[in-house]
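Down below is the structure, laid out as C-alpha cells.
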Amino acid sequence: MSKPTNIGLSPGSLVYVGRNIEADETQIRIIKYNEQLYETQVLEKCDMQQLPTPTPGFVTWIDVDGIHDQQTIETVGQRYQIHSLALEDIMNTKQDAKLEFYDNQLFVVFKMFHLKKGQKVTLDTEHIALILGENYVVSFQEQRKIDIFTPIFERIEASVGKTRKNKADYLLFALMDLVVDNYMAIAEQIEEKLELLEGDILRNNHHDPITELYELKRELTQIRKHLWPLRDVLGRLSRDESNLIEASTRPYFRDVLDHIVQLTEGIVSSRELLTSLVDIHYSLISNRMNSVMKTLTIYSAIFMPLTFVVGIYGMNFDNMPELHNANGYYYIWGVMIALSIGLLIYFRKRGWL
Amino acid sequence: MSKPTNIGLSPGSLVYVGRNIEADETQIRIIKYNEQLYETQVLEKCDMQQLPTPTPGFVTWIDVDGIHDQQTIETVGQRYQIHSLALEDIMNTKQDAKLEFYDNQLFVVFKMFHLKKGQKVTLDTEHIALILGENYVVSFQEQRKIDIFTPIFERIEASVGKTRKNKADYLLFALMDLVVDNYMAIAEQIEEKLELLEGDILRNNHHDPITELYELKRELTQIRKHLWPLRDVLGRLSRDESNLIEASTRPYFRDVLDHIVQLTEGIVSSRELLTSLVDIHYSLISNRMNSVMKTLTIYSAIFMPLTFVVGIYGMNFDNMPELHNANGYYYIWGVMIALSIGLLIYFRKRGWL
Amino acid sequence: MSKPTNIGLSPGSLVYVGRNIEADETQIRIIKYNEQLYETQVLEKCDMQQLPTPTPGFVTWIDVDGIHDQQTIETVGQRYQIHSLALEDIMNTKQDAKLEFYDNQLFVVFKMFHLKKGQKVTLDTEHIALILGENYVVSFQEQRKIDIFTPIFERIEASVGKTRKNKADYLLFALMDLVVDNYMAIAEQIEEKLELLEGDILRNNHHDPITELYELKRELTQIRKHLWPLRDVLGRLSRDESNLIEASTRPYFRDVLDHIVQLTEGIVSSRELLTSLVDIHYSLISNRMNSVMKTLTIYSAIFMPLTFVVGIYGMNFDNMPELHNANGYYYIWGVMIALSIGLLIYFRKRGWL
Amino acid sequence: MSKPTNIGLSPGSLVYVGRNIEADETQIRIIKYNEQLYETQVLEKCDMQQLPTPTPGFVTWIDVDGIHDQQTIETVGQRYQIHSLALEDIMNTKQDAKLEFYDNQLFVVFKMFHLKKGQKVTLDTEHIALILGENYVVSFQEQRKIDIFTPIFERIEASVGKTRKNKADYLLFALMDLVVDNYMAIAEQIEEKLELLEGDILRNNHHDPITELYELKRELTQIRKHLWPLRDVLGRLSRDESNLIEASTRPYFRDVLDHIVQLTEGIVSSRELLTSLVDIHYSLISNRMNSVMKTLTIYSAIFMPLTFVVGIYGMNFDNMPELHNANGYYYIWGVMIALSIGLLIYFRKRGWL
Amino acid sequence: MSKPTNIGLSPGSLVYVGRNIEADETQIRIIKYNEQLYETQVLEKCDMQQLPTPTPGFVTWIDVDGIHDQQTIETVGQRYQIHSLALEDIMNTKQDAKLEFYDNQLFVVFKMFHLKKGQKVTLDTEHIALILGENYVVSFQEQRKIDIFTPIFERIEASVGKTRKNKADYLLFALMDLVVDNYMAIAEQIEEKLELLEGDILRNNHHDPITELYELKRELTQIRKHLWPLRDVLGRLSRDESNLIEASTRPYFRDVLDHIVQLTEGIVSSRELLTSLVDIHYSLISNRMNSVMKTLTIYSAIFMPLTFVVGIYGMNFDNMPELHNANGYYYIWGVMIALSIGLLIYFRKRGWL
C-alpha cells in the first residue's frame with residue numbers, strides 16, 4: 001500500500017519495493033511478428049545492444065520477467081525512452097492499477113492474482129506493467145515460477161487467433177484480457193466456496209462459519225480494491241483518449257471493461273449474500289441459545305416445585321398430620337405427578353416444547 | 001459469472017459456455033412481414049443458402065432457438081456479418097446485459113427469467129441475444145421447452161397491435177418489452193411472497209423466517225444484478241446513439257426504461273423492508289428470550305426461598321423450639337404463603353408478570 | 001409495480017390495471033376561463049362532440065374523474081390526440097411518476113396520497129395523469145369520494161389567486177403544487193407519529209415498538225419510492241426542456257421541486273432516526289435482560305449457599321457434634337445471616353444492586 | 001417540514017408559518033454606508049415612504065427583524081419589488097436553505113442555529129432570508145431576543161474590517177459567513193460532548209449512554225439536514241451564476257463553501273464515531289451479561305452438587321452404612337471441599353474466574 | 001474543526017487558531033537555486049528587507065517555520081502579496097486541505113501527520129501551507145521539533161534528484177509528495193496494527209478488542225477526513241487549471257493523486273475489515289455465552305432431578321415402604337446413576353457436550 005523504504009527519496013528514484021527475491025535472474029524474451037513472419041529470442045542478461053528497435057510492419061514484444069533488478073529496468077527504460085515515473089511504478093509492487101499517457105507511449109500497471117496453495121488457499125498478487133508504443137509492447141512481470149503470458153506466446157507462435165493479424169494495440173488487449181479472465185476464474189472459485197458455506201450454514205452443520213466468512217470477505221475486499229482502479233483504466237482505454245489504440249481495437253477493450261463491470265457486480269452481490277449469511281448465522285446462534293434457555297427453564301420450573309414439596313415433608317415439626325396418614329406418601333406422589341403434567345401442558349401451550 | 005473454460009483461448013473464440021444440452025436440435029424460424037404481407041418458415045438444420053437476405057420494405061426476423069451449436073452460430077454470424085465479439089457473447093451464457101454498436105448493427109444481449117418449479121421455486125435465467133440491422137432482427141435464445149417469443153409471433157401473425165405497421169426497430173422494442181414485462185411479473189411474485197412472510201413475522205407465527213428471508217434476498221440480488229446493466233442498455237437505446245432506431249420509436253424504449261427504473265426502485269424498497277423484517281425477527285427472538293428468562297427468574301425467586309425455609313425445619317438440631325410448637329407447621333405455611341404473595345406482588349410491580 | 005394482466009399484449013393496449021371499480025360512473029368536468037370569463041360544464045357521459053376545442057385566449061381544463069372505463073379514455077385520447085403510450089400509462093395505476101414530451105403535448109403521471117382510516121391508518125395512493133397542450137390541460141384521476149382538485153376549481157371560480165391571470169402551464173403547476181403540499185402534510189403526520197413513538201421509547205413505556213417502527217418505515221419507504229421519480233419529473237419541468245412552459249412559470253416549478261427536495265431530506269432524516277430508535281429499543285431490551293439475569297443470579301447466589309447449609313444439618317449421620325450443641329441452631333442462623341449480608345455487600349460493590 | 005396551514009391556498013399567498021409570536025413588534029433597521037459616510041435609522045412601524053431608495057455609490061441595508069406580520073412583509077416586498085414566491089418563503093419558517101435568482105435580485109433563505117438552554121440544551125433554528133439587489137441588501141430574521149447581525153452592525157459602525165470598503169455583495173457574504181461560523185461553533189460543542197461521552201463509555205462509567213448518543217445523533221442529523229441545501233446554495237454563489245456578485249467577491253464565498261464542506265466532513269466523521277460508540281456500548285453490555293452469567297453458572301455448578309450430596313445423607317433409609325460410620329460426617333465434608341476446589345480449578349482453567 | 005475564537009470578527013482577520021505555543025521563535029529559511037547555483041540563509045527575525053525578491057532563472061524558496069506569530073505572517077504576506085483569506089487560512093490550524101488560485105499565485109493548505117508517542121500512540125496533525133508564485137515557493141509549517149522538509153533541503157543542497165533541474169512547480173510537487181508518502185507510511189502502520197489485532201481476534205486470545213478496534217477506526221476516520229479534501233486538491237492540480245504548473249510537471253501531480261486514490265481505497269478496505277472484525281468479536285462473545293449457558297443448563301438438568309430424588313427419601317412419612325427395604329439405598333443410587341448417564345447421553349446427542 002505504500003513505499004516505506006523510499007520516503008524522503010527523490011521522486012522517480014528507482015528502488016524495488018516488494019518481497020525478497022533471492023538470486024533470481026531476470027529474463028527477457030523478445031518476439032517480433034507480423035502475419036507472415038515470426039521470430040523469437042531469449043536474453044539471459046540485459047544488454048542494450050541486443051534490445052531490438054521496433055520496425056514498422058512488425059509488432060515487437062519485449063517481455064521482461066523479473067522486476068527487482070534496478071540495472072535491467074534502467075537499461076530497458078533508456079532503450080525505449082520510458083518516463084522515470086513509469087519506471088518507478090514498474091518496480092514498486094505496491095502500486096495499484098494505473099494508466100498514464102506519456103508523449104508517445106501508453107503505460108498501464110495492474111495486478112495479476114494467483115491462488116497460492118499453502119496451509120490455506122490465499123490470494124497472491126503479481127505486479128504487471130505494460131508499455132504500448134508505436135509497433136511495440138514492453139511487458140514487465142514479477143518473477144514467478146509460471147510465466148503468465150505463456151498462452152499468448154503459444155498462440156502467436158502457432159498463429160492461432162487474431163493476434164498475428166493485428167497490431168501492437170491488439171497485443172496489449174490480449175495481455176489484459178488474459179489477466180481479467182484470470183480474475184473471473186478466481187472470483188468464480190470464491191463464489192463456489194461461498195455457495196458451499198451457504199449450504200452448510202443453512203443446513204446448520206457448520207460449527208463456526210464466521211471465520212471462514214471473514215476470509216471470503218477479505219479476499220473479495222482485496223479483489224475489489226484492485227478492481228476499481230483497473231475498471232477506471234479500462235474505461236479510459238475504451239474511450240478515445242489516445243491515438244495509440246485504433247478505433248477497431250476499442251470494442252475489444254470495451255469487451256474487457258464489460259467483463260470487469262460484470263465482475264464488480266458479482267462481487268457486490270457476493271458481499272451482500274455474505275453479510276446476510278452472517279445474519280443467518282447469528283439468528284441460528286440466537287435460536288440455539290433460546291433452545292438452551294428453554295430447556296433450563298423447563299427443568300427448573302418442574303423440579304423446583306417438586307423439590308419444595310418433598311422439602312415440606314422432610315421438616316421435623318412435631319405436629320404434621322399428613323405424615324401420619326397411612327397413604328400420605330402416595331397422595332403426595334399423586335400431587336407431584338399432577339403438578340408435573342400440568343406444567344408440561346402449560347409449557348406446550350406456550351410453545352416451548 | 002466468468003468464462004472458466006476459455007481462459008487462455010484467443011478472444012473471440014466461439015465456445016459454448018453454459019449448462020449441458022443433450023442432443024437438442026437448434027431450430028431457426030424465419031418471419032418476413034410488412035403491413036400487407038406475412039410469410040413464415042422453419043429450418044430444422046441451419047443452411048446458409050436458406051437464410052434470407054433482408055429486403056427493404058419488409059422486416060425480416062430470424063429467430064435462432066438454441067445457442068449451443070457452434071456451427072449454427074458461425075453460419076448465421078457469417079451470413080449476417082456479425083462481429084466475432086458479438087458471436088462470442090451470444091454463446092457465453094455467463095455474459096450479462098450489454099449493448100454494443102458495430103458498423104451497421106446494434107447488438108443487445110441480456111437475460112430472461114423463468115420461475116423453475118422444482119422442490120422449491122428458483123429463478124432460472126435464459127440467455128437472449130438480439131441483433132438489429134437495417135430491415136432485420138436476428139434473435140438468439142437458449143433452448144427451452146417454451147419459446148418465449150411466441151406471443152409476438154402470434155401477434156404478428158394475427159396482425160394485432162402495431163408491430164406489423166412498424167419497422168425492425170419496433171420489433172426489437174417489442175421483444176425487449178416482453179422480457180421486461182416478465183421481470184416485473186416475477187418481481188411482483190417475490191413481493192407477494194415478501195408480504196406473506198411479513199404478515200407471518202408480524203403475527204409471530206413463523207418459527208424460522210430467516211432462511212426464507214435469505215432466499216428472497218438472494219432472488220432480489222440476482223434480479224438486481226441483471227437489472228443494472230439492462231438499465232444501462234435501455235438508457236442508451238432511448239437516447240440518440242444509433243440511427244438504426246428512429247426518433248418515433250425512442251418513446252417506446254423510454255417507456256421500457258421507465259419500467260426498469262420503477263422495477264429497480266421497487267427492488268430497493270423490497271430489500272429495505274426485508275432488512276427491517278430481519279430486525280423485527282431478532283426483536284421477537286429477543287422478546288421471547290426475555291420472556292423465558294423472566295419465567296425462570298420468577299420460578300427461582302419464589303421457590304428458592306421456600307425451599308430454604310423448609311430446609312431449615314428439616315435440620316436435626318436437638319434444640320429447635322419452633323419444631324415443638326403445636327401450630328409451628330401451620331405458622332410456617334402462613335409465612336411461606338405470605339412470602340410467595342409478596343414476591344408475586346413485587347414482580348407484578350416491576351412489570352414482569 | 002407491474003402489469004400482470006397485460007404480459008404478451010401489444011404495447012400500448014388500453015387495459016385498466018388497478019383495484020376493482022364496481023359500476024362507478026366516469027364524470028368529466030370542463031372549465032374554460034381567462035381573466036375576465038369563466039364557464040363550467042359537467043358531462044355524465046363522455047361524448048366526443050361535447051369535448052371542447054381549446055381556444056387561444058382561454059385556458060380549457062378537462063378533468064376526467066375515473067380512469068377505469070376504456071371507452072372514455074379512448075374517446076378523450078382521440079379528441080385531444082394523446083399518444084397511445086400515454087393512454088396506457090393513464091389507465092395503469094401501477095405506473096409510477098413519469099414525464100414525457102410528445103409532439104406538442106407534455107404528459108405527467110404521478111401519485112396522490114390519502115390517509116385511509118380503517119382499522120389502522122394506511123396510505124392509499126391515487127393515480128393522477130395530466131396533459132398540458134397549448135391552452136389546455138387534461139387531467140385524469142382515479143374515482144374517489146373526494147375530488148382532490150376541488151380547491152383549485154373553487155379558486156378559479158372565485159377568481160382568487162393568480163390562476164385566472166395565467167396560462168395553462170400555470171394551471172399545471174397549481175395542480176402539481178396541490179399534490180406536493182399534500183405529500184408534505186402526510187410526511188408531517190408521519191413525523192409526528194415518529195416523535196410520539198420516540199418519546200415512548202426514550203421514556204421506556206412502550207412494550208413492543210418494533211412493529212410500529214416497522215409500519216412507519218414502510219410508509220416512509222412507500223413515499224420515498226414515489227418521490228424519487230417525481231423529483232426527477234419536477235427537475236426536468238423546472239429546467240428548459242419544453243416550450244409549453246414559459247420562462248416566467250419556471251420559478252414556480254423550481255419552488256415545487258424545492259419542496260420535494262426538502263421533503264426527501266426530511267424523509268432521509270426520519271429514516272435515520274427510526275434506525276437509531278430501533279437501536280435504542282434493542283439497548284433497552286438488553287438492559288432489561290441484564291436486570292432480569294442479575295436478579296436471578298443474586299437470588300441464586302444467596303439461597304444456594306443457604307440451602308446447602310440447612311441441608312448439611314438435615315443429614316442423618318450418627319456423629320454430628322454441632323447438632324447436639326444447645327445453641328447450634330442459633331449459631332447456624334448467625335452464620336446464614338452473616339453470609340447473606342456479606343453477599344449483598346459484595347453484589348452492591350460490583351454494582352449489581 | 002411542510003406548510004400544513006396553507007394546503008389548497010393559492011401558491012404565493014402570504015401566510016406566516018411558524019411558532020406563535022405574541023404581540024412582538026416588527027422592527028426595521030436601515031443602514032446606508034460607503035467608505036466615507038455612514039447613517040443609520042430605526043423604524044418601529046413599517047411605512048413605505050420611509051423605506052429608502054438604494055443609491056449608487058452607497059450600500060443600503062434594510063434589516064427586518066420579525067417576519068410574522070404579513071402587512072410589513074408585503075410593504076417591504078412592494079417597495080423593493082420582491083417576487084411573490086420569495087415573500088412566501090420569507091414568511092414560511094419551514095422553508096429550508098434555498099437560492100433563487102429573480103430578474104435583478106438574488107434571494108437566499110437559510111437557517112441560523114441557537115443553543116436553547118432549557119431543561120436540556122436543544123437546538124433552536126431561526127429563519128433568515130437575504131435579498132441582494134444592486135447596491136442594497138434586504139435581510140429578514142425571525143424575532144428573537146438577540147439580534148444575530150449585531151456584530152456586523154458594529155463592525156460597519158466602527159469601520160473595522162473590509163465591509164465598508166466593499167459593495168453590497170460583500171455585505172451578503174459577511175452575513176452568511178457569520179451564520180456559517182456559528183454552525184461551526186455549534187458543531188464543535190456537539191463534538192466536545194461526543195468526546196466526553198466517548199471517554200465515559202470507554203472507561204465504562206456511564207450507565208445508559210444510548211439515550212445521550214441518540215440525542216447527539218439527532219442534533220447532527222438536524223444540522224446536516226440544513227447543511228446540505230446550504231452547501232448547494234454556496235456552491236452556486238461561488239460559481240459564476242449571477243452578475244450581482246463580482247469576481248473579486250467570489251473567493252470569499254468559496255471560503256465559506258469550504259468551511260461548510262469541512263463541517264460536513266466533520267459531521268460525517270462524528271456520526272461514524274457515534275455509531276461505533278453504540279457498538280462499544282453493546283459490547284460492554286454483552287460483556288457484563290457474560291460476567292453475570294458466569295457468576296450464576298459457577299454458583300450453580302458448585303452448590304448444586306454439594307446440595308445433592310447433603311441431600312443424600314438426609315435420606316431416611318433404614319440401611320445406610322455411611323451414616324453409622326463414626327467419621328462419616330467428617331469424610332463427607334472432605335469430599336465436598338475437594339469437589340468445590342476441583343470445580344474452582346476447572347473454571348479457572350476455562351478462564352471463567 | 002471551527003474557529004471558536006473569531007466568530008464575529010471581520011473575515012480575513014489574522015488570528016492564530018491552534019494549540020498554545022510558548023515562546024517559540026519563528027524561523028525563516030531562504031533557499032535560492034538553479035541547476036548551477038545554490039545559496040541558503042536563515043532569518044531568526046522576520047524583516048521585510050531581508051525577504052528576497054524572486055528572480056527569473058532561479059527558484060526562491062522561503063520556508064517559514066512557525067505560524068503563531070501574527071506579525072511574521074503579515075510581513076511575509078505583504079512582501080509576497082498574499083491574499084488576506086490565504087493568510088487567515090495559514091494561521092488557522094483548523095482549516096482543512098484546500099486549493100485556491102489567486103491572481104498570480106496558487107495557494108495550498110493541508111495537513112501533515114505525525115505519530116505522537118505518549119502513553120499510547122496517537123495521531124498528531126501539523127498544519128502546512130504552500131504558496132506557488134512565478135519562480136518562488138513560500139511554505140509555512142507549524143513549529144515542531146522536526147522540520148519535515150529537511151529531506152528536500154538536503155536533496156537540493158546535494159543536488160540529488162531532479163529538483164535542482166526543475167522549476168518552482170516541481171518544488172511544490174516535491175513538498176506535497178513528501179507529505180503524501182508520509183500518509184502512506186502511517187496508513188501502513190495502522191494496517192499492521194489491524195493485522196495483529198485480526199490475528200488475535202481470530203485466534204480468540206484478546207479479551208476486549210473492541211476498544212482497540214475503535215481506536216483504529218478513529219484514526220482511519222481522521223486520516224480519511226483529511227484525505228478527501230486533499231484528493232480534491234490534487235485532482236485539480238493534475239488537471240489544467242492554472243498556468244503556474246507546466247504541462248511536464250502535471251504527470252508528477254497525477255502520480256501523487258494516484259497515491260492518494262490508492263490510499264483511500266486502502267482505507268476503505270481497512271474500515272470494512274474492521275467492521276467485520278467487530279462482527280467476529282460479537283460472534284465469539286455469543287459463542288462463549290452459549291457455552292456458559294450450556295454448562296449451567298447441563299448442571300441444572302442433572303442435579304435438579306437428583307436433588308429431587310434424594311429429597312423424596314428425606315421425607316418423614318410414617319408409611320414409606322422403600323425406606324425399609326434393605327437394599328433401597330443401593331437401588332436408589334442405581335436409579336440416580338442411570339438417570340445421570342441417560343441425561344449425559346441425551347445432551348451429547350443434542351450436541352451440547
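By convention in this document, the chains of the C-alpha cells carry letters A, B, ... by their order, each chain's residues are numbered from 1, and ligands are numbered from 1 in the order they are shown.
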
Give me, as JSON lines, each residue of chain C that comes within 12 Å of chain A, together with its shortest interatomic pair and the distance in Å at one decimal, counting only C-alpha atoms, with rows ordered by chain and rising residue number.
{"residue": "C:Met293", "atom": "CA", "partner": "A:Met293", "partner_atom": "CA", "distance": 11.9}
{"residue": "C:Leu296", "atom": "CA", "partner": "A:Thr297", "partner_atom": "CA", "distance": 11.9}
{"residue": "C:Thr307", "atom": "CA", "partner": "A:Gly311", "partner_atom": "CA", "distance": 10.8}
{"residue": "C:Val310", "atom": "CA", "partner": "A:Gly311", "partner_atom": "CA", "distance": 11.3}
{"residue": "C:Gly311", "atom": "CA", "partner": "A:Gly311", "partner_atom": "CA", "distance": 10.2}
{"residue": "C:Tyr313", "atom": "CA", "partner": "A:Met315", "partner_atom": "CA", "distance": 11.9}
{"residue": "C:Gly314", "atom": "CA", "partner": "A:Gly314", "partner_atom": "CA", "distance": 8.8}
{"residue": "C:Met315", "atom": "CA", "partner": "A:Gly314", "partner_atom": "CA", "distance": 11.0}
{"residue": "C:Asn316", "atom": "CA", "partner": "A:Gly314", "partner_atom": "CA", "distance": 11.9}

Store the residues picked out above, limited to C-alpha atoms, as a PDB file, in the first residue's frame.
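Dumped to result_28.pdb:
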ATOM      1  CA  MET C 293     -30.371 -12.008  34.872  1.00  0.00           C
ATOM      2  CA  LEU C 296     -31.799 -14.359  39.121  1.00  0.00           C
ATOM      3  CA  THR C 307     -29.969 -24.182  51.217  1.00  0.00           C
ATOM      4  CA  VAL C 310     -29.502 -26.168  56.079  1.00  0.00           C
ATOM      5  CA  GLY C 311     -29.020 -29.326  54.009  1.00  0.00           C
ATOM      6  CA  TYR C 313     -27.697 -30.154  59.268  1.00  0.00           C
ATOM      7  CA  GLY C 314     -30.508 -32.185  57.779  1.00  0.00           C
ATOM      8  CA  MET C 315     -28.095 -35.098  57.328  1.00  0.00           C
ATOM      9  CA  ASN C 316     -28.648 -38.112  59.499  1.00  0.00           C
TER      10      ASN C 316
END

List as an mmCIF file with N, CA and C atoms, in the first residue's frame the protein and nucleic acid residues near Phe58 in chain C, meaning an atom at most 7 Å away when only C-alpha atoms are counted, but skip any in the same chain fewer than 3 places from it.
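Output saved as around18.cif:
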data_model
loop_
_atom_site.group_PDB
_atom_site.id
_atom_site.type_symbol
_atom_site.label_atom_id
_atom_site.label_comp_id
_atom_site.auth_asym_id
_atom_site.auth_seq_id
_atom_site.Cartn_x
_atom_site.Cartn_y
_atom_site.Cartn_z
ATOM 1 N N LYS C 32 -63.565 26.473 -18.674
ATOM 2 C CA LYS C 32 -62.935 27.353 -19.664
ATOM 3 C C LYS C 32 -62.859 28.725 -19.026
ATOM 4 N N TYR C 33 -61.652 29.296 -18.965
ATOM 5 C CA TYR C 33 -61.580 30.601 -18.293
ATOM 6 C C TYR C 33 -60.440 31.443 -18.855
ATOM 7 N N ASN C 34 -60.606 32.731 -18.707
ATOM 8 C CA ASN C 34 -59.469 33.639 -18.762
ATOM 9 C C ASN C 34 -59.679 34.659 -17.658
ATOM 10 N N THR C 55 -59.338 27.064 -27.198
ATOM 11 C CA THR C 55 -59.325 28.306 -27.964
ATOM 12 C C THR C 55 -58.222 29.206 -27.428
ATOM 13 N N ASN C 135 -52.888 25.920 -24.504
ATOM 14 C CA ASN C 135 -54.143 26.481 -23.996
ATOM 15 C C ASN C 135 -55.057 25.480 -23.308
#

Item to check | Polymer residues at most 10 Å from Glu195 in chain E, only C-alpha atoms, same-chain spacing of 5 or more positions, as a ChimeraX atom specification | outcome: /E:189-190,200-201,270,273-274

Next on the checklist: Report, in Å to a single decimal, how far apart CA of Met112 in chain D and CA of Leu14 in chain D are.
Outcome noted: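 One can read the CA of Leu14 in chain D to CA of Met112 in chain D distance as 22.1 Å.
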
Next on the checklist: I'd like the contact shell of Ile223 in chain B - 9 Å cut-off, only C-alpha atoms, skipping same-chain residues fewer than 5 positions apart - returned as a list in words.
Outcome noted: Phe113, Leu123, Tyr183, Ala187, Arg218, Trp228 and Ile267 of chain B

Checklist entry - If you measure from CA of Tyr16 in chain C to CA of Arg271 in chain B, what distance in Å do you get, rounded to one decimal? => result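 Rounded to one decimal, the two atoms are 28.5 Å apart.
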
Item to check | Residue set, range 49-230 of chain E restricted to strand (DSSP E), as a PyMOL selection string | outcome: chain E and resi 59-65+98-102+105-117+121-133+136-141

Item to check | Residues flagged alpha helix (DSSP H) by DSSP in range 64-250 of chain A, as a PyMOL selection string | outcome: chain A and resi 70-79+84-91+150-158+168-202+209-238+250

Next on the checklist: Give me, as a PyMOL selection string, all polymer residues having an atom no more than 9 Å from His127 in chain B, counting only C-alpha atoms and skipping those fewer than 5 positions away in the same chain.
Outcome noted: chain B and resi 67+90-96+109-112+140-142

Checklist entry - Which residues come within 10 Å of range 78-86 of chain A, counting only C-alpha atoms, excluding same-chain residues fewer than 3 positions away, as JSON, numbers by chain? => result {"A": [11, 12, 13, 14, 47, 48, 49, 51, 52, 53, 54, 72, 73, 74, 75, 89, 90, 91, 92, 99, 100, 101, 102, 103, 104, 105, 106, 107, 108, 109, 129, 130, 131, 133, 136, 138], "E": [251, 252, 255]}

Checklist entry - For Glu126 in chain B, which residue out of B:Ile156, B:Leu323, B:Val179, B:Ile341 is the nearest one, using only C-alpha atoms? => result B:Val179

Item to check | For CA of Thr60 in chain B and CA of Ala168 in chain B, the interatomic separation in Å (one decimal) | outcome: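 Pair CA of Thr60 in chain B / CA of Ala168 in chain B returns 7.7 Å.
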
Next on the checklist: If we count only C-alpha atoms and set the cut-off at 10 Å, which residues sit around Leu263 in chain C, ignoring sequence neighbours fewer than 5 positions away in its own chain? Please answer as a list of chain:residue names.
Outcome noted: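 Returned residues: C:Val180, C:Tyr183, C:Met184, C:Ala187, C:Glu188, C:Ile223, C:Arg224, C:Leu227, C:Leu257, C:Asp258, C:Val268, C:Ser269, D:Met1, D:Ser2, D:Asp96.
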
Put those residues in a file: all heavy atoms, as a compact mmCIF listing (two decimals), in the first residue's frame.
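Dumped to part-v9.txt:
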# COMPACT_ATOMS: atom_id res chain seq x y z
N VAL C 180 -48.09 18.08 -4.10
CA VAL C 180 -46.87 18.05 -3.30
C VAL C 180 -47.14 18.58 -1.89
O VAL C 180 -46.62 18.06 -0.90
CB VAL C 180 -45.74 18.83 -4.00
CG1 VAL C 180 -44.54 19.00 -3.09
CG2 VAL C 180 -45.32 18.09 -5.27
N TYR C 183 -48.34 15.79 -0.01
CA TYR C 183 -47.24 14.90 0.40
C TYR C 183 -46.64 15.40 1.70
O TYR C 183 -46.36 14.65 2.62
CB TYR C 183 -46.11 14.91 -0.64
CG TYR C 183 -46.25 13.93 -1.77
CD1 TYR C 183 -47.44 13.82 -2.48
CD2 TYR C 183 -45.19 13.12 -2.16
CE1 TYR C 183 -47.55 12.94 -3.54
CE2 TYR C 183 -45.30 12.24 -3.22
CZ TYR C 183 -46.47 12.15 -3.91
OH TYR C 183 -46.57 11.28 -4.96
N MET C 184 -46.41 16.73 1.74
CA MET C 184 -45.73 17.30 2.90
C MET C 184 -46.59 17.15 4.14
O MET C 184 -46.08 16.86 5.23
CB MET C 184 -45.42 18.77 2.64
CG MET C 184 -44.44 18.93 1.50
SD MET C 184 -43.98 20.64 1.26
CE MET C 184 -42.36 20.62 2.01
N ALA C 187 -46.23 13.58 5.23
CA ALA C 187 -44.91 13.36 5.83
C ALA C 187 -44.87 13.94 7.24
O ALA C 187 -44.30 13.36 8.15
CB ALA C 187 -43.84 14.00 4.96
N GLU C 188 -45.54 15.10 7.39
CA GLU C 188 -45.55 15.73 8.71
C GLU C 188 -46.30 14.86 9.72
O GLU C 188 -45.88 14.71 10.87
CB GLU C 188 -46.20 17.11 8.60
CG GLU C 188 -46.09 17.90 9.87
CD GLU C 188 -45.90 19.38 9.56
OE1 GLU C 188 -44.86 19.75 8.98
OE2 GLU C 188 -46.81 20.15 9.89
N ILE C 223 -43.51 6.37 0.44
CA ILE C 223 -43.49 7.76 -0.04
C ILE C 223 -42.21 8.03 -0.83
O ILE C 223 -42.26 8.57 -1.94
CB ILE C 223 -43.59 8.75 1.15
CG1 ILE C 223 -44.97 8.64 1.79
CG2 ILE C 223 -43.33 10.17 0.69
CD1 ILE C 223 -45.16 9.53 2.98
N ARG C 224 -41.09 7.60 -0.29
CA ARG C 224 -39.81 7.86 -0.95
C ARG C 224 -39.77 7.22 -2.34
O ARG C 224 -39.23 7.79 -3.29
CB ARG C 224 -38.68 7.32 -0.11
CG ARG C 224 -37.37 7.99 -0.35
CD ARG C 224 -36.24 7.03 -0.20
NE ARG C 224 -36.61 5.76 -0.83
CZ ARG C 224 -35.86 4.70 -0.79
NH1 ARG C 224 -34.74 4.71 -0.15
NH2 ARG C 224 -36.25 3.59 -1.40
N LEU C 227 -41.50 9.40 -4.48
CA LEU C 227 -40.93 10.74 -4.50
C LEU C 227 -39.75 10.85 -5.47
O LEU C 227 -39.58 11.87 -6.14
CB LEU C 227 -40.46 11.09 -3.09
CG LEU C 227 -40.61 12.54 -2.67
CD1 LEU C 227 -42.04 12.96 -2.82
CD2 LEU C 227 -40.17 12.68 -1.23
N LEU C 257 -40.17 21.82 -6.87
CA LEU C 257 -39.02 20.93 -6.81
C LEU C 257 -38.32 21.08 -5.47
O LEU C 257 -37.96 20.11 -4.80
CB LEU C 257 -38.05 21.28 -7.94
CG LEU C 257 -36.70 20.56 -7.90
CD1 LEU C 257 -36.87 19.05 -7.96
CD2 LEU C 257 -35.80 21.02 -9.03
N ASP C 258 -38.18 22.34 -5.07
CA ASP C 258 -37.52 22.65 -3.82
C ASP C 258 -38.24 22.00 -2.65
O ASP C 258 -37.61 21.47 -1.72
CB ASP C 258 -37.56 24.16 -3.69
CG ASP C 258 -36.49 24.64 -2.78
OD1 ASP C 258 -35.35 24.68 -3.25
OD2 ASP C 258 -36.82 24.92 -1.63
N VAL C 268 -35.16 11.24 4.65
CA VAL C 268 -33.86 10.62 4.97
C VAL C 268 -33.57 10.76 6.47
O VAL C 268 -33.21 9.78 7.14
CB VAL C 268 -32.73 11.27 4.13
CG1 VAL C 268 -31.37 10.89 4.67
CG2 VAL C 268 -32.84 10.88 2.67
N SER C 269 -33.76 11.96 7.00
CA SER C 269 -33.51 12.18 8.42
C SER C 269 -34.43 11.31 9.27
O SER C 269 -33.99 10.67 10.23
CB SER C 269 -33.74 13.64 8.78
OG SER C 269 -32.86 14.45 8.06
N MET D 1 -41.35 21.20 8.32
CA MET D 1 -41.08 20.45 7.09
C MET D 1 -42.13 20.71 6.03
O MET D 1 -41.91 20.53 4.86
CB MET D 1 -41.07 18.97 7.44
CG MET D 1 -40.58 18.10 6.36
SD MET D 1 -40.53 16.45 7.10
CE MET D 1 -40.41 15.50 5.59
N SER D 2 -43.33 21.12 6.41
CA SER D 2 -44.33 21.36 5.38
C SER D 2 -45.14 22.59 5.72
O SER D 2 -44.89 23.28 6.71
CB SER D 2 -45.25 20.16 5.23
OG SER D 2 -46.35 20.28 6.08
N ASP D 96 -36.50 25.39 3.85
CA ASP D 96 -35.08 25.13 4.07
C ASP D 96 -34.20 26.05 3.20
O ASP D 96 -34.73 26.84 2.43
CB ASP D 96 -34.78 23.66 3.75
CG ASP D 96 -33.91 23.05 4.83
OD1 ASP D 96 -33.07 23.78 5.37
OD2 ASP D 96 -34.11 21.88 5.13

Item to check | A:Arg29, A:Arg350, A:Lys165, A:Lys98 ranked by distance to Leu234 in chain A, top pick (using only C-alpha atoms) | outcome: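 That would be A:Lys98, the residue with the smallest distance to Leu234 in chain A.
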